[in-house]
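To start, the structure itself, in structure tokens.
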Amino acid sequence: MTSQLRSSDVHTAPLPRSRGPISAEVISRLRSPADIGPWPIQVASGEPYGEDVQLALAVLYEMHYRGFDGVDAEWEWMPGPLGVRAQLEQLFLRALRHDVPECDDPDAVLDDLCHEARDAWGLSHQLAAYGTWEQVREYFVHRSIYHLKEADPNAWAIPRLTGRSKAALVAVEFDEYGGGHAERLHSRLFANLLVAAGLRDDYLGYLEYVPADTLATVNFMSLCGLHRARIPMLVGMFAAVEITSSPGSRRMVSALERLDAPPACITFYAEHVEADAVHELVLRHDVVGDLLAKDPGCAADIAFGANASEFLDGRLAQHLLTAWAENRSSLTAPAVPPMQ
């Protein structure tokens with residue numbers, strides 16, 4: 001495989017259509033040249049998990065990644081968008097604090113995630129046993145919002161950690177970024193998966209088509225990673241994702257093999273079966289363990305990060321399963337073309 005750049009490596013997406021008054025105002029202001037003036041946008045009445053709030057957050061967070069076509073890059077650190085983003089984050093966090101049980105024992109939380117009940121049933125179980133190729137491709141669309149920037153939100157933690165936890169997290173990220181080989185980047189492997197499945201591989205190419213529940217799972221990663229004070233939450237989230245990724249990826253391999261999917265689709269999940277089983281151990285013992293040894297007071301934030309991530313993933317899974325049970329698309333608009 002060559003290491004030539006693909007569209008997913010260089011593309012910046014256009015600004016999406018708004019989904020309510022908050023996102024409409026944010027998107028409208030970003031179309032203008034950057035300035036240091038405030039943005040008097042009222043967000044208090046927004047629904048924390050709703051389409052308007054989550055899209056506005058996703059757009060504002062994207063200013064810290066690749067940005068959007070035609071949007072002044074100077075907006076990234078201007079007071080207007082940062083002030084609105086802070087209000088939206090407070091709205092989102094308050095809802096999560098209300099809905100996610102308090103816990104100050106991250107080891108117990110992560111232990112629970114390691115031991116799946118015999119009768120457990122979730123999205124990957126459904127896809128492995130009964131999923132259709134159309135449903136699997138629709139699932140790929142949802143996951144493209146994260147997997148085409150895979151590992152980037154977690155990289156924000158690197159300059160905020162020290163010693164053993166920094167070294168261990170960098171080791172995990174090194175794997176996520178292909179071990180120094182561009183063609184092995186996990187984001188590249190997912191782009192290959194999309195192409196093999198007859199889908200677009202451009203970065204944020206499906207932003208217009210995924211619901212708020214999808215955006216919320218990625219927004220939570222950015223919310224944690226972009227704030228030094230929330231790095232323990234990011235570490236808890238990262239550990240939870242790696243613990244659940246390996247068994248979930250194994251079920252996806254089963255689903256894809258059952259459906260005789262293209263090899264590139266299977267390769268992406270097969271890579272995560274092996275890699276994430278190792279990452280789980282490194283994160284638990286060398287990152288979480290080191291953080292707790294240095295600051296036992298961060299235990300509740302680590303536990304919250306893990307539990308909030310699971311809560312948001314559960315909302316997304318329920319959205320997909322409900323839609324499919326009702327024989328309708330889980331996307332906000334038709335996005336999955338028929339295979340040629």
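Chain identifiers are assigned as A, B, and so on, following the order in which chains appear in the structure tokens; residues are numbered from 1 within each chain, and ligands are numbered from 1 in order of appearance.
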Check which residues of segment 71-158 of chain A sit at most 8 Å from segment 312-335 of chain A using only C-alpha atoms, and return one row each with the closest pair of atoms and their distance in Å to one decimal, ordered by chain and rising number, as CSV.
```
residue,atom,partner,partner_atom,distance
A:Gly122,CA,A:Ala317,CA,7.1
A:Leu123,CA,A:Ala317,CA,5.6
A:Gln135,CA,A:Trp324,CA,7.8
A:Glu138,CA,A:Leu331,CA,7.6
A:His142,CA,A:Leu331,CA,8.0
```
Determine, for each residue of segment 96-172 of chain A having at least one atom at most 10 Å from an atom of segment 58-80 of chain A, the closest pair of atoms and their separation in Å to one decimal, counting only C-alpha atoms; order by chain and ascending number, as CSV.
```
residue,atom,partner,partner_atom,distance
A:Lys149,CA,A:Tyr65,CA,8.8
A:Asp152,CA,A:Tyr65,CA,8.3
A:Pro153,CA,A:Tyr65,CA,8.9
```
Selection file, C-alpha atoms, as an mmCIF file, in the first residue's frame:
```cif
data_model
loop_
_atom_site.group_PDB
_atom_site.id
_atom_site.type_symbol
_atom_site.label_atom_id
_atom_site.label_comp_id
_atom_site.auth_asym_id
_atom_site.auth_seq_id
_atom_site.Cartn_x
_atom_site.Cartn_y
_atom_site.Cartn_z
ATOM 1 C CA LYS A 149 -9.875 12.167 13.344
ATOM 2 C CA ASP A 152 -6.683 13.554 17.839
ATOM 3 C CA PRO A 153 -8.904 14.517 20.825
#
```
Out of A:Phe268, A:Phe238, A:Phe311, A:Tyr206, which residue has the shortest atom-to-atom distance to Ser144 of chain A when counting only C-alpha atoms?
A:Tyr206
Near-Ile158 of chain A list (12 Å; only C-alpha atoms; drop same-chain fewer than 3 positions) as an mmCIF file with N, CA, C and O atoms, in the first residue's frame:
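That gives us selection36.cif:
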```
data_model
loop_
_atom_site.group_PDB
_atom_site.id
_atom_site.type_symbol
_atom_site.label_atom_id
_atom_site.label_comp_id
_atom_site.auth_asym_id
_atom_site.auth_seq_id
_atom_site.Cartn_x
_atom_site.Cartn_y
_atom_site.Cartn_z
ATOM 1 N N ALA A 151 -7.877 9.492 17.503
ATOM 2 C CA ALA A 151 -6.756 9.777 18.401
ATOM 3 C C ALA A 151 -6.502 11.268 18.598
ATOM 4 O O ALA A 151 -5.863 11.654 19.584
ATOM 5 N N ASP A 152 -6.977 12.124 17.701
ATOM 6 C CA ASP A 152 -6.683 13.554 17.839
ATOM 7 C C ASP A 152 -7.208 14.164 19.143
ATOM 8 O O ASP A 152 -6.469 14.911 19.804
ATOM 9 N N PRO A 153 -8.456 13.913 19.569
ATOM 10 C CA PRO A 153 -8.904 14.517 20.825
ATOM 11 C C PRO A 153 -8.056 14.095 22.019
ATOM 12 O O PRO A 153 -7.829 14.886 22.948
ATOM 13 N N ASN A 154 -7.585 12.836 22.003
ATOM 14 C CA ASN A 154 -6.792 12.348 23.131
ATOM 15 C C ASN A 154 -5.396 12.954 23.160
ATOM 16 O O ASN A 154 -4.759 13.026 24.218
ATOM 17 N N ALA A 155 -4.906 13.395 21.999
ATOM 18 C CA ALA A 155 -3.565 13.964 21.925
ATOM 19 C C ALA A 155 -3.457 15.263 22.718
ATOM 20 O O ALA A 155 -2.342 15.651 23.108
ATOM 21 N N LEU A 161 0.258 16.043 30.804
ATOM 22 C CA LEU A 161 0.684 14.941 31.654
ATOM 23 C C LEU A 161 2.188 15.012 31.882
ATOM 24 O O LEU A 161 2.915 15.691 31.167
ATOM 25 N N THR A 162 2.665 14.270 32.874
ATOM 26 C CA THR A 162 4.094 14.212 33.164
ATOM 27 C C THR A 162 4.499 12.778 33.464
ATOM 28 O O THR A 162 3.672 11.941 33.823
ATOM 29 N N GLY A 163 5.780 12.500 33.303
ATOM 30 C CA GLY A 163 6.341 11.226 33.748
ATOM 31 C C GLY A 163 5.735 10.005 33.100
ATOM 32 O O GLY A 163 5.530 9.940 31.895
ATOM 33 N N ARG A 164 5.414 9.003 33.937
ATOM 34 C CA ARG A 164 4.962 7.704 33.448
ATOM 35 C C ARG A 164 3.665 7.811 32.663
ATOM 36 O O ARG A 164 3.497 7.159 31.626
ATOM 37 N N SER A 165 2.712 8.624 33.128
ATOM 38 C CA SER A 165 1.436 8.738 32.420
ATOM 39 C C SER A 165 1.621 9.370 31.048
ATOM 40 O O SER A 165 0.981 8.962 30.072
ATOM 41 N N LYS A 166 2.500 10.370 30.936
ATOM 42 C CA LYS A 166 2.767 10.985 29.627
ATOM 43 C C LYS A 166 3.377 9.958 28.681
ATOM 44 O O LYS A 166 2.923 9.799 27.537
ATOM 45 N N ALA A 167 4.415 9.249 29.140
ATOM 46 C CA ALA A 167 5.096 8.279 28.279
ATOM 47 C C ALA A 167 4.144 7.184 27.823
ATOM 48 O O ALA A 167 4.164 6.761 26.663
ATOM 49 N N ALA A 168 3.293 6.707 28.740
ATOM 50 C CA ALA A 168 2.373 5.623 28.402
ATOM 51 C C ALA A 168 1.312 6.086 27.411
ATOM 52 O O ALA A 168 0.968 5.367 26.463
ATOM 53 N N LEU A 169 0.750 7.281 27.620
ATOM 54 C CA LEU A 169 -0.270 7.768 26.703
ATOM 55 C C LEU A 169 0.326 8.005 25.311
ATOM 56 O O LEU A 169 -0.305 7.702 24.298
ATOM 57 N N VAL A 170 1.567 8.504 25.260
ATOM 58 C CA VAL A 170 2.218 8.698 23.967
ATOM 59 C C VAL A 170 2.417 7.351 23.271
ATOM 60 O O VAL A 170 2.259 7.254 22.039
ATOM 61 N N ALA A 171 2.741 6.309 24.031
ATOM 62 C CA ALA A 171 2.918 4.984 23.427
ATOM 63 C C ALA A 171 1.618 4.499 22.786
ATOM 64 O O ALA A 171 1.631 3.933 21.687
ATOM 65 N N VAL A 172 0.488 4.730 23.464
ATOM 66 C CA VAL A 172 -0.803 4.336 22.901
ATOM 67 C C VAL A 172 -1.113 5.168 21.660
ATOM 68 O O VAL A 172 -1.540 4.640 20.624
ATOM 69 N N GLU A 173 -0.883 6.459 21.744
ATOM 70 C CA GLU A 173 -1.138 7.334 20.606
ATOM 71 C C GLU A 173 -0.245 6.970 19.417
ATOM 72 O O GLU A 173 -0.674 7.056 18.257
ATOM 73 N N PHE A 174 0.990 6.558 19.687
ATOM 74 C CA PHE A 174 1.898 6.146 18.616
ATOM 75 C C PHE A 174 1.286 5.000 17.804
ATOM 76 O O PHE A 174 1.347 4.991 16.579
ATOM 77 N N GLY A 225 -10.603 17.066 26.290
ATOM 78 C CA GLY A 225 -9.229 17.245 25.858
ATOM 79 C C GLY A 225 -8.769 18.679 25.792
ATOM 80 O O GLY A 225 -7.595 18.974 26.020
ATOM 81 N N LEU A 226 -9.668 19.603 25.483
ATOM 82 C CA LEU A 226 -9.278 20.994 25.291
ATOM 83 C C LEU A 226 -9.129 21.770 26.595
ATOM 84 O O LEU A 226 -8.714 22.930 26.566
ATOM 85 N N ARG A 228 -7.345 21.754 30.355
ATOM 86 C CA ARG A 228 -6.360 21.134 31.248
ATOM 87 C C ARG A 228 -7.009 20.589 32.510
ATOM 88 O O ARG A 228 -6.649 19.519 33.000
ATOM 89 N N ILE A 231 -8.497 16.910 32.115
ATOM 90 C CA ILE A 231 -7.696 15.805 31.605
ATOM 91 C C ILE A 231 -7.988 14.494 32.340
ATOM 92 O O ILE A 231 -8.031 13.434 31.700
ATOM 93 N N LEU A 234 -10.774 13.021 30.527
ATOM 94 C CA LEU A 234 -10.352 12.491 29.240
ATOM 95 C C LEU A 234 -9.695 11.126 29.404
ATOM 96 O O LEU A 234 -9.957 10.195 28.634
ATOM 97 N N VAL A 235 -8.850 10.997 30.418
ATOM 98 C CA VAL A 235 -8.170 9.724 30.662
ATOM 99 C C VAL A 235 -9.189 8.631 31.002
ATOM 100 O O VAL A 235 -9.078 7.497 30.517
ATOM 101 N N VAL A 287 -1.390 4.969 32.965
ATOM 102 C CA VAL A 287 -1.931 6.330 32.872
ATOM 103 C C VAL A 287 -2.870 6.592 34.046
ATOM 104 O O VAL A 287 -2.612 7.474 34.865
#
```
For each of A:Glu51, A:Glu271, A:Asp107, A:Asp202, take the minimum atom-to-atom distance to Leu283 of chain A, counting only C-alpha atoms, then give the residue where this is smallest.
A:Asp107
Taking the backbone alone, and naming residues the way the document does, which bits of segment 84-303 of chain A are alpha helix (DSSP H) by DSSP, as number ranges by chain?
A: 84-99, 106-114, 123-130, 133-147, 152-155, 163-176, 186-196, 212-225, 231-258, 263-282, 289-294, 299-303
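Checking A:Ala212, A:Ala56, A:His115, A:Glu150 one by one against Asp175 of chain A, counting only C-alpha atoms, you find the shortest gap at A:Glu150.
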Mind checking which residues fall within 9 Å of segment 100-106 of chain A, counting only C-alpha atoms, ignoring those fewer than 4 positions away in the same chain, and posting them as JSON, numbers by chain?
{"A": [95, 96, 110, 111, 236, 288, 297, 298, 299, 300, 301, 302, 303, 304, 306, 307, 308, 311]}
Just give me the gap between atom CA of Leu127 of chain A and atom CA of Phe140 of chain A in Å, one decimal is fine.
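Value for the atom CA of Leu127 of chain A-atom CA of Phe140 of chain A distance: 11.9 Å.
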Leaving out Arg200 of chain A and any residue of its chain fewer than 5 positions from it, which residues lie within 10 Å of it when counting only C-alpha atoms, given as a PDB file with N, CA, C and O atoms, in the first residue's frame?
```
ATOM      1  N   SER A   7      -8.020  12.110  -0.025  1.00  0.00           N
ATOM      2  CA  SER A   7      -8.862  13.290   0.229  1.00  0.00           C
ATOM      3  C   SER A   7      -9.125  13.463   1.708  1.00  0.00           C
ATOM      4  O   SER A   7      -9.244  14.571   2.211  1.00  0.00           O
ATOM      5  N   SER A   8      -9.210  12.349   2.452  1.00  0.00           N
ATOM      6  CA  SER A   8      -9.484  12.435   3.881  1.00  0.00           C
ATOM      7  C   SER A   8      -8.318  13.051   4.648  1.00  0.00           C
ATOM      8  O   SER A   8      -8.474  13.490   5.784  1.00  0.00           O
ATOM      9  N   VAL A 141     -21.143   5.468   8.626  1.00  0.00           N
ATOM     10  CA  VAL A 141     -21.373   6.905   8.462  1.00  0.00           C
ATOM     11  C   VAL A 141     -21.324   7.606   9.822  1.00  0.00           C
ATOM     12  O   VAL A 141     -20.663   8.639   9.982  1.00  0.00           O
ATOM     13  N   SER A 144     -17.763   7.744  11.172  1.00  0.00           N
ATOM     14  CA  SER A 144     -16.793   8.520  10.405  1.00  0.00           C
ATOM     15  C   SER A 144     -16.478   9.861  11.066  1.00  0.00           C
ATOM     16  O   SER A 144     -15.384  10.399  10.889  1.00  0.00           O
ATOM     17  N   ALA A 191     -10.633   5.426   6.510  1.00  0.00           N
ATOM     18  CA  ALA A 191     -10.898   5.984   5.181  1.00  0.00           C
ATOM     19  C   ALA A 191     -10.907   4.868   4.140  1.00  0.00           C
ATOM     20  O   ALA A 191     -11.757   4.849   3.239  1.00  0.00           O
ATOM     21  N   ASN A 192      -9.973   3.922   4.264  1.00  0.00           N
ATOM     22  CA  ASN A 192      -9.958   2.769   3.357  1.00  0.00           C
ATOM     23  C   ASN A 192     -11.249   1.961   3.483  1.00  0.00           C
ATOM     24  O   ASN A 192     -11.800   1.482   2.487  1.00  0.00           O
ATOM     25  N   LEU A 193     -11.714   1.808   4.727  1.00  0.00           N
ATOM     26  CA  LEU A 193     -12.967   1.095   4.978  1.00  0.00           C
ATOM     27  C   LEU A 193     -14.130   1.775   4.261  1.00  0.00           C
ATOM     28  O   LEU A 193     -14.949   1.118   3.618  1.00  0.00           O
ATOM     29  N   LEU A 194     -14.205   3.090   4.378  1.00  0.00           N
ATOM     30  CA  LEU A 194     -15.309   3.827   3.752  1.00  0.00           C
ATOM     31  C   LEU A 194     -15.307   3.643   2.243  1.00  0.00           C
ATOM     32  O   LEU A 194     -16.358   3.403   1.633  1.00  0.00           O
ATOM     33  N   VAL A 195     -14.144   3.765   1.638  1.00  0.00           N
ATOM     34  CA  VAL A 195     -14.052   3.607   0.184  1.00  0.00           C
ATOM     35  C   VAL A 195     -14.474   2.197  -0.214  1.00  0.00           C
ATOM     36  O   VAL A 195     -15.231   1.999  -1.176  1.00  0.00           O
ATOM     37  N   GLY A 205     -17.262  14.483   5.953  1.00  0.00           N
ATOM     38  CA  GLY A 205     -18.131  14.429   4.789  1.00  0.00           C
ATOM     39  C   GLY A 205     -19.577  14.120   5.110  1.00  0.00           C
ATOM     40  O   GLY A 205     -20.473  14.448   4.330  1.00  0.00           O
ATOM     41  N   TYR A 206     -19.811  13.505   6.270  1.00  0.00           N
ATOM     42  CA  TYR A 206     -21.179  13.136   6.653  1.00  0.00           C
ATOM     43  C   TYR A 206     -21.690  13.955   7.845  1.00  0.00           C
ATOM     44  O   TYR A 206     -22.645  13.554   8.502  1.00  0.00           O
ATOM     45  N   ALA A 335     -28.126   9.207   3.172  1.00  0.00           N
ATOM     46  CA  ALA A 335     -26.705   9.471   2.956  1.00  0.00           C
ATOM     47  C   ALA A 335     -25.951   8.273   2.404  1.00  0.00           C
ATOM     48  O   ALA A 335     -24.818   8.427   1.948  1.00  0.00           O
ATOM     49  N   VAL A 336     -26.546   7.092   2.460  1.00  0.00           N
ATOM     50  CA  VAL A 336     -25.833   5.876   2.091  1.00  0.00           C
ATOM     51  C   VAL A 336     -26.274   5.439   0.702  1.00  0.00           C
ATOM     52  O   VAL A 336     -27.379   4.914   0.530  1.00  0.00           O
ATOM     53  N   PRO A 337     -25.448   5.667  -0.301  1.00  0.00           N
ATOM     54  CA  PRO A 337     -25.842   5.282  -1.668  1.00  0.00           C
ATOM     55  C   PRO A 337     -25.794   3.768  -1.833  1.00  0.00           C
ATOM     56  O   PRO A 337     -25.068   3.083  -1.108  1.00  0.00           O
TER      57      PRO A 337
END
```
Using only C-alpha atoms, which residues sit within 8 Å of Val218 of chain A once same-chain residues fewer than 3 positions away are excluded, as a list of chain:residue names?
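Everything that qualifies: A:Ile145, A:Tyr146, A:Thr214, A:Leu215, A:Met221, A:Ser222.
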Expressed in Å to a single decimal, how great is the separation between atom CA of Ala239 of chain A and atom CA of Asp112 of chain A?
12.3 Å
